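*Asks:* Have a peek at input24.cif (mmCIF, C-alpha atoms and all ligand atoms).
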data_upload
loop_
_atom_site.label_atom_id
_atom_site.label_comp_id
_atom_site.auth_asym_id
_atom_site.auth_seq_id
_atom_site.Cartn_x
_atom_site.Cartn_y
_atom_site.Cartn_z
CA MET A 71 32.67 -10.06 2.58
CA TYR A 72 29.11 -9.17 3.65
CA ALA A 73 25.88 -8.77 1.67
CA LYS A 74 23.85 -5.56 1.85
CA PHE A 75 20.29 -4.67 0.77
CA HIS A 76 21.40 -2.00 -1.67
CA SER A 77 18.17 -0.79 -3.33
CA ILE A 78 14.48 -1.43 -3.93
CA GLY A 79 12.05 -0.95 -6.80
CA ALA A 80 8.52 -2.06 -7.60
CA TYR A 81 5.87 -1.96 -10.27
CA VAL A 82 2.11 -1.97 -9.74
CA PRO A 83 -0.16 -2.49 -12.78
CA SER A 84 -2.59 0.36 -13.33
CA LYS A 85 -5.83 -1.63 -13.61
CA VAL A 86 -7.70 -1.81 -10.28
CA LEU A 87 -10.07 -4.63 -9.31
CA SER A 88 -12.14 -3.36 -6.38
CA ASN A 89 -14.36 -5.23 -3.95
CA ALA A 90 -17.31 -3.57 -5.67
CA ASP A 91 -16.16 -5.11 -8.97
CA LEU A 92 -15.95 -8.54 -7.32
CA GLU A 93 -19.44 -8.16 -5.87
CA LYS A 94 -20.66 -8.15 -9.50
CA MET A 95 -18.63 -11.29 -10.36
CA VAL A 96 -19.19 -13.68 -7.41
CA ASP A 97 -21.43 -14.08 -4.34
CA THR A 98 -19.48 -11.83 -1.98
CA THR A 99 -19.61 -8.42 -0.31
CA ASP A 100 -17.19 -5.58 0.28
CA GLU A 101 -17.98 -5.92 4.00
CA TRP A 102 -17.08 -9.66 4.11
CA ILE A 103 -13.82 -9.15 2.22
CA ILE A 104 -12.67 -6.23 4.37
CA LYS A 105 -13.65 -7.93 7.65
CA ARG A 106 -12.01 -11.27 6.82
CA THR A 107 -8.94 -10.06 4.90
CA GLY A 108 -8.48 -6.27 5.11
CA ILE A 109 -8.37 -6.11 1.30
CA LYS A 110 -10.15 -3.21 -0.44
CA GLU A 111 -8.70 -3.52 -3.92
CA ARG A 112 -5.96 -5.26 -5.88
CA HIS A 113 -4.18 -4.43 -9.16
CA ILE A 114 -4.42 -6.67 -12.20
CA ALA A 115 -2.03 -6.80 -15.15
CA GLN A 116 -3.25 -6.22 -18.70
CA SER A 117 -3.81 -9.37 -20.75
CA ASP A 118 -0.65 -8.72 -22.78
CA GLU A 119 1.40 -7.71 -19.72
CA VAL A 120 3.22 -10.75 -18.33
CA THR A 121 5.26 -11.48 -15.21
CA SER A 122 8.59 -10.63 -16.86
CA ASP A 123 7.24 -7.24 -18.07
CA MET A 124 6.32 -6.22 -14.53
CA ALA A 125 9.61 -7.60 -13.20
CA VAL A 126 11.62 -5.60 -15.75
CA LYS A 127 10.03 -2.32 -14.63
CA ALA A 128 10.76 -3.04 -10.97
CA SER A 129 14.31 -4.24 -11.75
CA ILE A 130 15.30 -1.19 -13.80
CA LEU A 131 14.27 1.04 -10.88
CA ALA A 132 16.22 -1.09 -8.39
CA ILE A 133 19.37 -1.06 -10.54
CA GLN A 134 19.15 2.73 -11.06
CA ARG A 135 18.56 3.35 -7.35
CA ALA A 136 21.65 1.29 -6.53
CA GLY A 137 23.60 3.65 -8.80
CA LEU A 138 24.62 0.71 -10.98
CA ASP A 139 24.66 -0.12 -14.66
CA VAL A 140 22.96 -3.31 -15.93
CA SER A 141 26.44 -4.59 -16.78
CA ASP A 142 27.28 -4.62 -13.05
CA ILE A 143 24.65 -7.30 -12.29
CA ASP A 144 26.25 -10.74 -12.11
CA LEU A 145 23.31 -12.92 -11.01
CA VAL A 146 19.55 -12.69 -11.60
CA VAL A 147 17.14 -14.63 -9.36
CA CYS A 148 13.41 -14.38 -9.91
CA ALA A 149 10.95 -15.71 -7.34
CA THR A 150 7.63 -16.50 -8.95
CA VAL A 151 4.92 -19.16 -9.14
CA THR A 152 3.34 -17.47 -12.14
CA PRO A 153 6.25 -17.63 -14.58
CA ASP A 154 5.89 -16.51 -18.19
CA TYR A 155 6.13 -20.21 -19.12
CA PHE A 156 5.50 -23.45 -17.26
CA ASN A 157 8.25 -24.66 -16.94
CA MET A 158 10.95 -23.29 -19.20
CA PRO A 159 12.60 -20.99 -19.94
CA ALA A 160 13.03 -19.48 -16.49
CA THR A 161 11.44 -16.04 -16.18
CA ALA A 162 14.80 -14.76 -14.85
CA CYS A 163 16.33 -15.53 -18.29
CA ILE A 164 13.59 -13.56 -20.04
CA ILE A 165 13.95 -10.64 -17.61
CA SER A 166 17.74 -10.58 -18.17
CA ASP A 167 17.25 -10.47 -21.91
CA LYS A 168 14.62 -7.69 -21.75
CA ILE A 169 16.86 -5.56 -19.50
CA GLY A 170 20.02 -6.25 -21.49
CA ILE A 171 21.89 -8.22 -18.83
CA LYS A 172 24.16 -10.43 -20.93
CA ASN A 173 25.83 -13.78 -20.23
CA VAL A 174 24.91 -13.90 -16.57
CA GLN A 175 23.61 -16.81 -14.48
CA ALA A 176 19.81 -16.49 -14.18
CA PHE A 177 17.26 -18.80 -12.59
CA ASP A 178 13.85 -18.89 -10.89
CA ILE A 179 12.88 -19.85 -7.37
CA SER A 180 9.57 -21.56 -6.69
CA ALA A 181 8.68 -20.94 -3.06
CA ALA A 182 5.32 -19.20 -3.54
CA CYS A 183 4.81 -16.30 -1.12
CA SER A 184 8.16 -17.02 0.57
CA GLY A 185 10.01 -16.64 -2.72
CA PHE A 186 11.46 -13.18 -2.14
CA ILE A 187 13.09 -14.08 1.19
CA TYR A 188 14.29 -17.38 -0.32
CA ALA A 189 15.88 -15.31 -3.14
CA LEU A 190 17.40 -12.99 -0.53
CA SER A 191 18.99 -15.99 1.20
CA VAL A 192 20.44 -17.22 -2.11
CA ALA A 193 21.84 -13.75 -2.90
CA LYS A 194 23.36 -13.52 0.60
CA ALA A 195 25.11 -16.86 0.16
CA PHE A 196 26.46 -16.00 -3.32
CA VAL A 197 27.73 -12.59 -2.18
CA GLU A 198 29.22 -13.72 1.14
CA SER A 199 31.05 -16.56 -0.60
CA GLY A 200 32.63 -14.02 -2.96
CA MET A 201 31.09 -15.64 -6.05
CA LYS A 202 28.95 -12.61 -6.99
CA LYS A 203 29.05 -8.84 -6.31
CA HIS A 204 25.65 -7.45 -7.35
CA VAL A 205 22.69 -9.84 -7.36
CA LEU A 206 19.34 -8.74 -8.76
CA ILE A 207 16.53 -10.47 -6.85
CA ILE A 208 12.93 -10.20 -7.97
CA GLY A 209 9.52 -11.22 -6.68
CA ALA A 210 7.00 -10.99 -9.53
CA GLU A 211 3.56 -12.47 -10.00
CA LYS A 212 0.76 -12.40 -12.50
CA PHE A 213 -1.46 -14.26 -10.07
CA SER A 214 -4.53 -13.33 -12.10
CA SER A 215 -3.30 -15.91 -14.64
CA ILE A 216 -3.99 -18.79 -12.21
CA VAL A 217 -7.04 -17.41 -10.37
CA ASP A 218 -10.53 -18.73 -11.06
CA TYR A 219 -12.69 -15.60 -11.10
CA THR A 220 -15.78 -17.70 -10.38
CA ASP A 221 -14.32 -19.00 -7.07
CA ARG A 222 -15.16 -16.51 -4.32
CA THR A 223 -12.81 -18.15 -1.82
CA ILE A 224 -9.78 -17.35 -4.01
CA CYS A 225 -10.48 -14.48 -6.41
CA ILE A 226 -10.95 -11.88 -3.67
CA LEU A 227 -7.47 -12.48 -2.29
CA PHE A 228 -4.87 -12.13 -5.01
CA GLY A 229 -3.38 -9.33 -7.12
CA ASP A 230 -0.52 -8.80 -9.58
CA GLY A 231 2.72 -6.85 -9.28
CA ALA A 232 6.49 -7.00 -8.98
CA GLY A 233 9.28 -5.87 -6.69
CA ALA A 234 13.05 -6.07 -7.08
CA ALA A 235 16.16 -5.40 -5.04
CA VAL A 236 19.90 -5.35 -5.62
CA ILE A 237 21.96 -7.23 -3.05
CA SER A 238 25.58 -6.08 -3.18
CA ALA A 239 28.90 -6.95 -1.59
CA THR A 240 30.21 -4.72 1.19
CA GLU A 241 33.05 -4.80 3.68
CA ASP A 242 31.08 -2.68 6.16
CA LYS A 243 29.46 -4.96 8.74
CA ASN A 244 27.03 -2.18 9.80
CA GLU A 245 25.35 -2.39 6.37
CA ALA A 246 25.19 -6.18 6.28
CA LEU A 247 22.14 -8.43 6.22
CA ILE A 248 21.95 -9.75 9.77
CA ASP A 249 20.13 -13.07 9.55
CA ILE A 250 17.70 -15.09 7.44
CA HIS A 251 15.58 -18.10 8.48
CA ALA A 252 13.99 -20.06 5.64
CA SER A 253 12.18 -23.33 6.02
CA ALA A 254 9.66 -25.73 4.45
CA ASP A 255 7.35 -28.63 5.25
CA GLY A 256 6.15 -30.55 2.20
CA SER A 257 3.72 -32.62 4.25
CA TYR A 258 1.36 -29.63 3.91
CA SER A 259 1.80 -29.39 0.14
CA ASP A 260 -1.94 -29.81 -0.43
CA PHE A 261 -2.77 -26.62 1.52
CA LEU A 262 -1.90 -24.38 -1.44
CA VAL A 263 -1.60 -25.99 -4.84
CA THR A 264 -2.03 -25.37 -8.54
CA PRO A 265 -2.65 -28.97 -9.65
CA ALA A 266 -1.87 -28.50 -13.36
CA PRO A 267 -0.07 -28.38 -15.68
CA GLY A 268 2.74 -30.56 -14.37
CA ALA A 269 3.96 -34.14 -14.31
CA VAL A 270 1.02 -35.22 -12.13
CA HIS A 271 -1.58 -33.65 -14.43
CA PRO A 272 -0.13 -32.81 -17.86
CA ALA A 273 -2.27 -30.45 -19.89
CA SER A 274 -5.45 -32.15 -21.11
CA GLN A 275 -9.10 -31.44 -21.74
CA GLU A 276 -9.83 -32.95 -18.30
CA VAL A 277 -7.48 -30.39 -16.68
CA LEU A 278 -9.46 -27.56 -18.26
CA ASP A 279 -12.87 -29.11 -17.54
CA LYS A 280 -12.01 -29.56 -13.85
CA GLY A 281 -10.20 -26.21 -13.56
CA LEU A 282 -7.03 -27.91 -12.29
CA ASN A 283 -4.99 -25.06 -13.76
CA PHE A 284 -6.30 -22.72 -11.04
CA VAL A 285 -4.82 -22.17 -7.59
CA GLN A 286 -6.59 -23.98 -4.75
CA MET A 287 -6.18 -23.22 -1.06
CA LYS A 288 -7.28 -24.69 2.25
CA GLY A 289 -7.73 -21.14 3.51
CA ASN A 290 -8.71 -21.66 7.12
CA GLU A 291 -6.10 -24.37 7.82
CA THR A 292 -3.42 -22.23 6.12
CA PHE A 293 -4.48 -19.22 8.19
CA LYS A 294 -4.11 -21.03 11.53
CA LEU A 295 -0.75 -22.56 10.65
CA ALA A 296 0.52 -19.21 9.32
CA VAL A 297 -0.21 -17.38 12.59
CA LYS A 298 1.40 -20.11 14.72
CA THR A 299 4.48 -20.62 12.53
CA LEU A 300 5.19 -16.95 11.84
CA THR A 301 4.82 -15.92 15.48
CA LYS A 302 7.38 -18.52 16.53
CA ASP A 303 9.71 -17.76 13.61
CA VAL A 304 9.90 -14.00 14.15
CA LYS A 305 10.32 -14.42 17.91
CA ASP A 306 13.15 -16.89 17.27
CA ILE A 307 15.05 -14.68 14.81
CA LEU A 308 14.80 -11.66 17.17
CA ALA A 309 15.92 -13.69 20.21
CA LYS A 310 18.79 -15.32 18.31
CA ASN A 311 20.12 -11.89 17.35
CA ASN A 312 19.45 -10.21 20.72
CA ILE A 313 17.12 -7.65 19.17
CA GLU A 314 13.85 -6.57 20.79
CA SER A 315 10.73 -5.94 18.73
CA LYS A 316 10.56 -2.33 19.98
CA ASP A 317 13.89 -1.70 18.21
CA ILE A 318 12.45 -2.61 14.79
CA PRO A 319 11.12 0.51 13.04
CA HIS A 320 9.72 -1.49 10.10
CA PHE A 321 8.04 -4.88 10.48
CA ILE A 322 7.25 -5.86 6.88
CA PRO A 323 5.19 -9.06 6.80
CA HIS A 324 3.86 -10.91 3.77
CA GLN A 325 0.58 -9.21 2.87
CA ALA A 326 -1.88 -12.13 2.74
CA ASN A 327 -4.47 -11.17 5.32
CA TYR A 328 -4.71 -8.25 7.76
CA ARG A 329 -5.82 -10.63 10.53
CA ILE A 330 -2.63 -12.74 10.19
CA ILE A 331 -0.48 -9.58 10.20
CA LYS A 332 -2.30 -8.21 13.25
CA ALA A 333 -2.03 -11.49 15.19
CA VAL A 334 1.73 -11.74 14.61
CA GLY A 335 2.25 -8.00 15.22
CA ASP A 336 0.31 -8.21 18.49
CA ALA A 337 2.29 -11.25 19.61
CA LEU A 338 5.44 -9.16 19.10
CA LYS A 339 3.83 -6.14 20.84
CA MET A 340 4.41 -4.06 17.72
CA THR A 341 2.73 -0.66 17.43
CA LYS A 342 0.68 0.38 14.38
CA GLU A 343 3.54 2.66 13.31
CA GLN A 344 5.96 -0.28 13.15
CA VAL A 345 3.81 -2.58 11.03
CA VAL A 346 3.82 -1.99 7.27
CA LEU A 347 0.41 -2.62 5.68
CA THR A 348 -0.26 -2.70 1.95
CA VAL A 349 -2.71 -5.62 1.80
CA GLY A 350 -5.67 -3.20 1.62
CA LYS A 351 -4.57 -1.75 -1.71
CA TYR A 352 -2.61 -4.60 -3.36
CA GLY A 353 -4.19 -7.78 -1.94
CA ASN A 354 -1.92 -10.82 -1.80
CA THR A 355 0.74 -10.58 -4.52
CA SER A 356 2.62 -13.70 -3.37
CA ALA A 357 6.39 -13.40 -3.98
CA ALA A 358 5.98 -9.73 -4.92
CA SER A 359 4.25 -8.71 -1.71
CA ILE A 360 7.27 -8.00 0.51
CA PRO A 361 9.37 -6.06 -2.04
CA MET A 362 6.27 -4.07 -3.05
CA ALA A 363 5.70 -3.21 0.62
CA ILE A 364 9.36 -2.24 1.12
CA ASN A 365 9.13 -0.03 -1.96
CA ASP A 366 6.00 1.64 -0.60
CA ILE A 367 7.71 2.82 2.58
CA TYR A 368 10.83 3.73 0.61
CA GLU A 369 8.95 5.92 -1.88
CA SER A 370 6.91 7.57 0.88
CA GLY A 371 10.15 8.53 2.64
CA ARG A 372 9.48 6.36 5.71
CA LEU A 373 12.37 3.98 5.03
CA LYS A 374 15.72 5.66 5.69
CA LYS A 375 19.28 4.48 5.17
CA GLY A 376 20.29 2.26 8.10
CA ASP A 377 16.73 1.53 9.29
CA LEU A 378 16.25 -2.01 10.58
CA MET A 379 13.67 -4.16 8.79
CA LEU A 380 12.08 -7.41 9.97
CA LEU A 381 10.53 -9.42 7.13
CA ASP A 382 8.35 -12.52 7.47
CA THR A 383 6.37 -14.69 5.10
CA PHE A 384 4.39 -17.88 4.71
CA GLY A 385 3.16 -19.65 1.59
CA GLY A 386 2.68 -22.67 -0.63
CA GLY A 387 5.01 -25.59 -0.13
CA LEU A 388 4.44 -24.99 2.68
CA THR A 389 7.32 -22.58 3.00
CA TRP A 390 8.04 -19.84 5.50
CA ALA A 391 10.89 -17.41 6.13
CA SER A 392 11.99 -14.36 8.07
CA ALA A 393 14.84 -11.91 7.68
CA LEU A 394 16.48 -9.23 9.78
CA LEU A 395 18.44 -6.57 7.94
CA PRO A 396 19.24 -2.86 7.71
CA PHE A 397 18.21 -0.91 4.62
CA ALA A 398 21.54 -0.02 3.02
CA GLY A 399 20.26 2.08 0.13
CA GLU A 400 20.23 5.85 -0.11
CA THR A 401 17.23 7.60 1.47
CA ILE A 402 14.92 8.94 -1.24
CA GLU A 403 15.17 12.73 -1.81
O1 LIG A 501 -0.24 -16.16 0.90
C1 LIG A 501 -0.16 -17.52 1.19
C2 LIG A 501 -0.76 -17.89 2.47
N1 LIG A 501 -2.16 -17.63 2.44
C3 LIG A 501 -2.75 -17.25 3.53
O2 LIG A 501 -2.12 -17.08 4.53
C4 LIG A 501 -4.25 -17.12 3.49
C5 LIG A 501 -4.82 -17.74 4.70
N2 LIG A 501 -6.25 -17.77 4.78
C6 LIG A 501 -7.08 -16.70 4.85
O3 LIG A 501 -6.66 -15.57 4.69
C7 LIG A 501 -8.52 -16.92 5.23
O4 LIG A 501 -8.68 -18.27 5.63
C8 LIG A 501 -9.53 -16.59 4.11
C9 LIG A 501 -9.62 -15.10 3.93
C10 LIG A 501 -9.11 -17.25 2.81
C11 LIG A 501 -10.91 -17.10 4.50
O5 LIG A 501 -11.30 -16.55 5.75
P1 LIG A 501 -11.86 -17.51 6.90
O6 LIG A 501 -12.21 -16.63 8.03
O7 LIG A 501 -10.85 -18.58 7.15
O8 LIG A 501 -13.20 -18.07 6.27
P2 LIG A 501 -13.61 -19.57 5.95
O9 LIG A 501 -12.81 -20.13 4.84
O10 LIG A 501 -13.65 -20.34 7.23
O11 LIG A 501 -15.10 -19.35 5.45
C12 LIG A 501 -16.13 -18.84 6.29
C13 LIG A 501 -17.41 -18.69 5.50
C14 LIG A 501 -17.77 -19.95 4.70
O12 LIG A 501 -19.17 -20.10 4.72
P3 LIG A 501 -19.86 -21.16 5.72
O13 LIG A 501 -19.27 -22.49 5.36
O14 LIG A 501 -19.48 -20.71 7.10
O15 LIG A 501 -21.31 -21.02 5.41
C15 LIG A 501 -17.33 -19.60 3.29
O16 LIG A 501 -18.07 -20.29 2.30
O17 LIG A 501 -17.28 -17.66 4.53
C16 LIG A 501 -17.66 -18.13 3.24
N3 LIG A 501 -16.87 -17.41 2.23
C17 LIG A 501 -17.26 -16.22 1.72
N4 LIG A 501 -18.36 -15.46 1.93
C18 LIG A 501 -18.44 -14.30 1.25
C19 LIG A 501 -15.69 -17.76 1.69
N5 LIG A 501 -15.28 -16.82 0.81
C20 LIG A 501 -16.26 -15.86 0.80
C21 LIG A 501 -16.39 -14.66 0.12
N6 LIG A 501 -17.50 -13.91 0.38
N7 LIG A 501 -15.48 -14.20 -0.77
#
The structure given in the file should be rewritten as structure tokens.
Ligand code: UT7
*Replies:*
Amino acid sequence: MYAKFHSIGAYVPSKVLSNADLEKMVDTTDEWIIKRTGIKERHIAQSDEVTSDMAVKASILAIQRAGLDVSDIDLVVCATVTPDYFNMPATACIISDKIGIKNVQAFDISAACSGFIYALSVAKAFVESGMKKHVLIIGAEKFSSIVDYTDRTICILFGDGAGAAVISATEDKNEALIDIHASADGSYSDFLVTPAPGAVHPASQEVLDKGLNFVQMKGNETFKLAVKTLTKDVKDILAKNNIESKDIPHFIPHQANYRIIKAVGDALKMTKEQVVLTVGKYGNTSAASIPMAINDIYESGRLKKGDLMLLDTFGGGLTWASALLPFAGETIE
């Protein structure tokens, strides 16, 4: 039995936070943000719109586009670092309930920006082992809930959103996911961290006073390591599978920073047409970034049935991952 990438869906909240808006909030400029990151705007969820709400909208689309009923889904995996609740129940359980998926195994994955490819690897293993037939995987983030909007080094980067895919069993090897690399190095855990609440810093007045509930990042160090690690990882996965970068119509990297994407794309000698870019309009949506980008090229008609995709990502943990796979869904009409 093989696993195939059966469908994609995404949800983008309607509220836009532009660079001009941020200029009024912190000491920054549109010019600095675009030059250093490529980001022009990002979307922010409403105050009463939580991670599971966005995930549900993306998931319903993905299930419909796979031509399935919710009762066909036999595993739900949600990648998020901005769950509805720290730390239980899992957001996957809440999503299942809101969609009407009953009595099915559901759990979250915490791998920050690498979460969606981590979830893909879990789905692949469950499907190939014969344990599950149709796995709903989700990357969903309400990053605005952990961003300090007085910190100019962080608040310009992140946005909210959700993406979802159905990974299904198939006997046709041509449709199958080809390969996934996923890795981690906890010795860099202080590069990207939300210090509280957790066992190290349980909720307290001190946590609030010091803003330990907000995400912190060693941006420049993370940037350098991301370029080095991703370049090696994508070269390795291509070489291992005897595929050349020119044969990849869609290189879909994690959308953290245009300069990281460009550096890795250039190292692979990718053309502009091959590289999918959504960072300008969505910012960094962490685990949601790759499925939102896949959905973008799907809905615009660029992604066709059978097209090869190369995914790569890097994030808190530190974690990183890449995946090589054909799109096995139906081309949009
Ligand atoms: O998704 C998970 C993985 N995350 C990433 O891969 C993100 C990786 N990092 C980055 O994308 C970049 O490091 C940033 C965009 C976060 C920062 O860009 P940078 O080129 O690494 O800038 P920097 O941190 O070295 O800062 C350069 C200068 C500093 O001023 P001084 O010390 O040179 O006077 C910062 O204080 O830019 C200043 N700065 C800003 N200036 C205007 C930092 N943020 C801003 C800002 N507006 N928003």
*Asks:* Which chains and residue numbers are within 7 Å of ligand LIG 501 (chain A), counting all atoms listed in the file, if I want them as a list in words?
*Replies:*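 Residues lying within 7 Å of ligand LIG 501 (chain A): Asp97, Thr98, Thr99, Trp102, Ile103, Arg106, Thr107, Cys183, Arg222, Thr223, Ile224, Ile226, Gly289, Asn290, Glu291, Thr292, Phe293, Ala296, Ala326, Asn327, Asn354, Ser356, Phe384, Gly385 and Gly386 of chain A.
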*Asks:* Per residue of region 74-155 of chain A within 6 Å of region 234-247 of chain A, record the nearest atom pair and its distance in Å to one decimal, counting all atoms listed in the file, with rows in chain order and ascending residue number, as JSON lines.
*Replies:*
{"residue": "A:Lys74", "atom": "CA", "partner": "A:Ala246", "partner_atom": "CA", "distance": 4.7}
{"residue": "A:Phe75", "atom": "CA", "partner": "A:Ile237", "partner_atom": "CA", "distance": 4.9}
{"residue": "A:His76", "atom": "CA", "partner": "A:Val236", "partner_atom": "CA", "distance": 5.4}
{"residue": "A:Ser77", "atom": "CA", "partner": "A:Ala235", "partner_atom": "CA", "distance": 5.3}
{"residue": "A:Ile78", "atom": "CA", "partner": "A:Ala235", "partner_atom": "CA", "distance": 4.5}
{"residue": "A:Gly79", "atom": "CA", "partner": "A:Ala234", "partner_atom": "CA", "distance": 5.2}
{"residue": "A:Ala128", "atom": "CA", "partner": "A:Ala234", "partner_atom": "CA", "distance": 5.4}
{"residue": "A:Ser129", "atom": "CA", "partner": "A:Ala234", "partner_atom": "CA", "distance": 5.2}
{"residue": "A:Ala132", "atom": "CA", "partner": "A:Ala235", "partner_atom": "CA", "distance": 5.5}
*Asks:* Given the point (3.2, -11.6, -15.3) in the coordinates of this file, which residues lie within 9 Å, counting all atoms listed in the file, and how would they look as number ranges by chain?
*Replies:* A: 115, 118-125, 152-154, 210-215, 230-232
*Asks:* Output the selection as an mmCIF file, keeping the file's coordinate frame - C-alpha atoms for each residue.
*Replies:*
data_model
loop_
_atom_site.group_PDB
_atom_site.id
_atom_site.type_symbol
_atom_site.label_atom_id
_atom_site.label_comp_id
_atom_site.auth_asym_id
_atom_site.auth_seq_id
_atom_site.Cartn_x
_atom_site.Cartn_y
_atom_site.Cartn_z
ATOM 1 C CA ALA A 115 -2.030 -6.800 -15.150
ATOM 2 C CA ASP A 118 -0.650 -8.720 -22.780
ATOM 3 C CA GLU A 119 1.400 -7.710 -19.720
ATOM 4 C CA VAL A 120 3.220 -10.750 -18.330
ATOM 5 C CA THR A 121 5.260 -11.480 -15.210
ATOM 6 C CA SER A 122 8.590 -10.630 -16.860
ATOM 7 C CA ASP A 123 7.240 -7.240 -18.070
ATOM 8 C CA MET A 124 6.320 -6.220 -14.530
ATOM 9 C CA ALA A 125 9.610 -7.600 -13.200
ATOM 10 C CA THR A 152 3.340 -17.470 -12.140
ATOM 11 C CA PRO A 153 6.250 -17.630 -14.580
ATOM 12 C CA ASP A 154 5.890 -16.510 -18.190
ATOM 13 C CA ALA A 210 7.000 -10.990 -9.530
ATOM 14 C CA GLU A 211 3.560 -12.470 -10.000
ATOM 15 C CA LYS A 212 0.760 -12.400 -12.500
ATOM 16 C CA PHE A 213 -1.460 -14.260 -10.070
ATOM 17 C CA SER A 214 -4.530 -13.330 -12.100
ATOM 18 C CA SER A 215 -3.300 -15.910 -14.640
ATOM 19 C CA ASP A 230 -0.520 -8.800 -9.580
ATOM 20 C CA GLY A 231 2.720 -6.850 -9.280
ATOM 21 C CA ALA A 232 6.490 -7.000 -8.980
#
*Asks:* Of the candidates A:Pro323, A:Ser392, A:His251, A:Ile318, which one gets nearest to Gly376 (chain A) if we count all atoms listed in the file?
*Replies:*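 Smallest distance to Gly376 (chain A) is found for A:Ile318.
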*Asks:* Leaving out Phe177 (chain A) and any residue of its chain fewer than 2 positions from it, which residues lie within 9 Å of it when counting all atoms listed in the file, given as an NGL selection string?
*Replies:* :A and (145-149 or 159-163 or 175 or 179)
*Asks:* Determine the nearest neighbour of Lys94 (chain A) from the options A:Ile143, A:Lys203, A:Ala195, A:Tyr219, counting all atoms listed in the file.
*Replies:*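 The shortest atom-to-atom distance to Lys94 (chain A) comes from A:Tyr219.
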*Asks:* I'd like the interatomic distance between CA of Leu300 (chain A) and CA of Arg329 (chain A), to a tenth of an Å.
*Replies:* 12.8 Å
*Asks:* For CA of Thr383 (chain A) and CA of Ile187 (chain A), determine how far apart the two atoms are, in Å to one decimal place.
*Replies:*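 That distance, rounded to one decimal, is 7.8 Å.
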*Asks:* Which residue out of A:Ile248, A:Leu282, A:Leu227, A:Ala181 has the minimum interatomic distance to Asn89 (chain A) when only C-alpha atoms are used?
*Replies:*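 Closest to Asn89 (chain A), using only C-alpha atoms: A:Leu227.
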*Asks:* Quick one: residues within 10 Å of Ser257 (chain A), all atoms listed in the file counted, chain neighbours fewer than 3 positions away excluded, as a PDB file with C-alpha atoms, in the frame of the given file?
*Replies:*
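Everything below was put into part-v3.pdb:
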ATOM      1  CA  ALA A 254       9.660 -25.730   4.450  1.00  0.00           C
ATOM      2  CA  ASP A 260      -1.940 -29.810  -0.430  1.00  0.00           C
ATOM      3  CA  PHE A 261      -2.770 -26.620   1.520  1.00  0.00           C
ATOM      4  CA  GLY A 387       5.010 -25.590  -0.130  1.00  0.00           C
ATOM      5  CA  LEU A 388       4.440 -24.990   2.680  1.00  0.00           C
TER       6      LEU A 388
END
*Asks:* To one decimal in Å, tell me the separation between CA of Glu276 (chain A) and CA of Ala357 (chain A).
*Replies:*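 Atom-to-atom, CA of Glu276 (chain A) to CA of Ala357 (chain A), that is 29.2 Å.
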*Asks:* My list of candidates is A:Lys110, A:Asp91, A:Val140, A:Pro272. Which is closest to Asn157 (chain A) when distances are computed with all atoms listed in the file?
*Replies:* A:Pro272
*Asks:* For Val334 (chain A), which residue among A:Leu138, A:Val297, A:Leu308, A:Ile164 is the nearest when counting all atoms listed in the file?
*Replies:*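 Once distances to Val334 (chain A) are computed over all atoms listed in the file, the minimum belongs to A:Val297.
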*Asks:* From the options A:Ile165, A:Ala252, A:Val345, A:Val263, which residue's atoms come nearest to Thr299 (chain A), counting all atoms listed in the file?
*Replies:*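 Closest candidate: A:Ala252.
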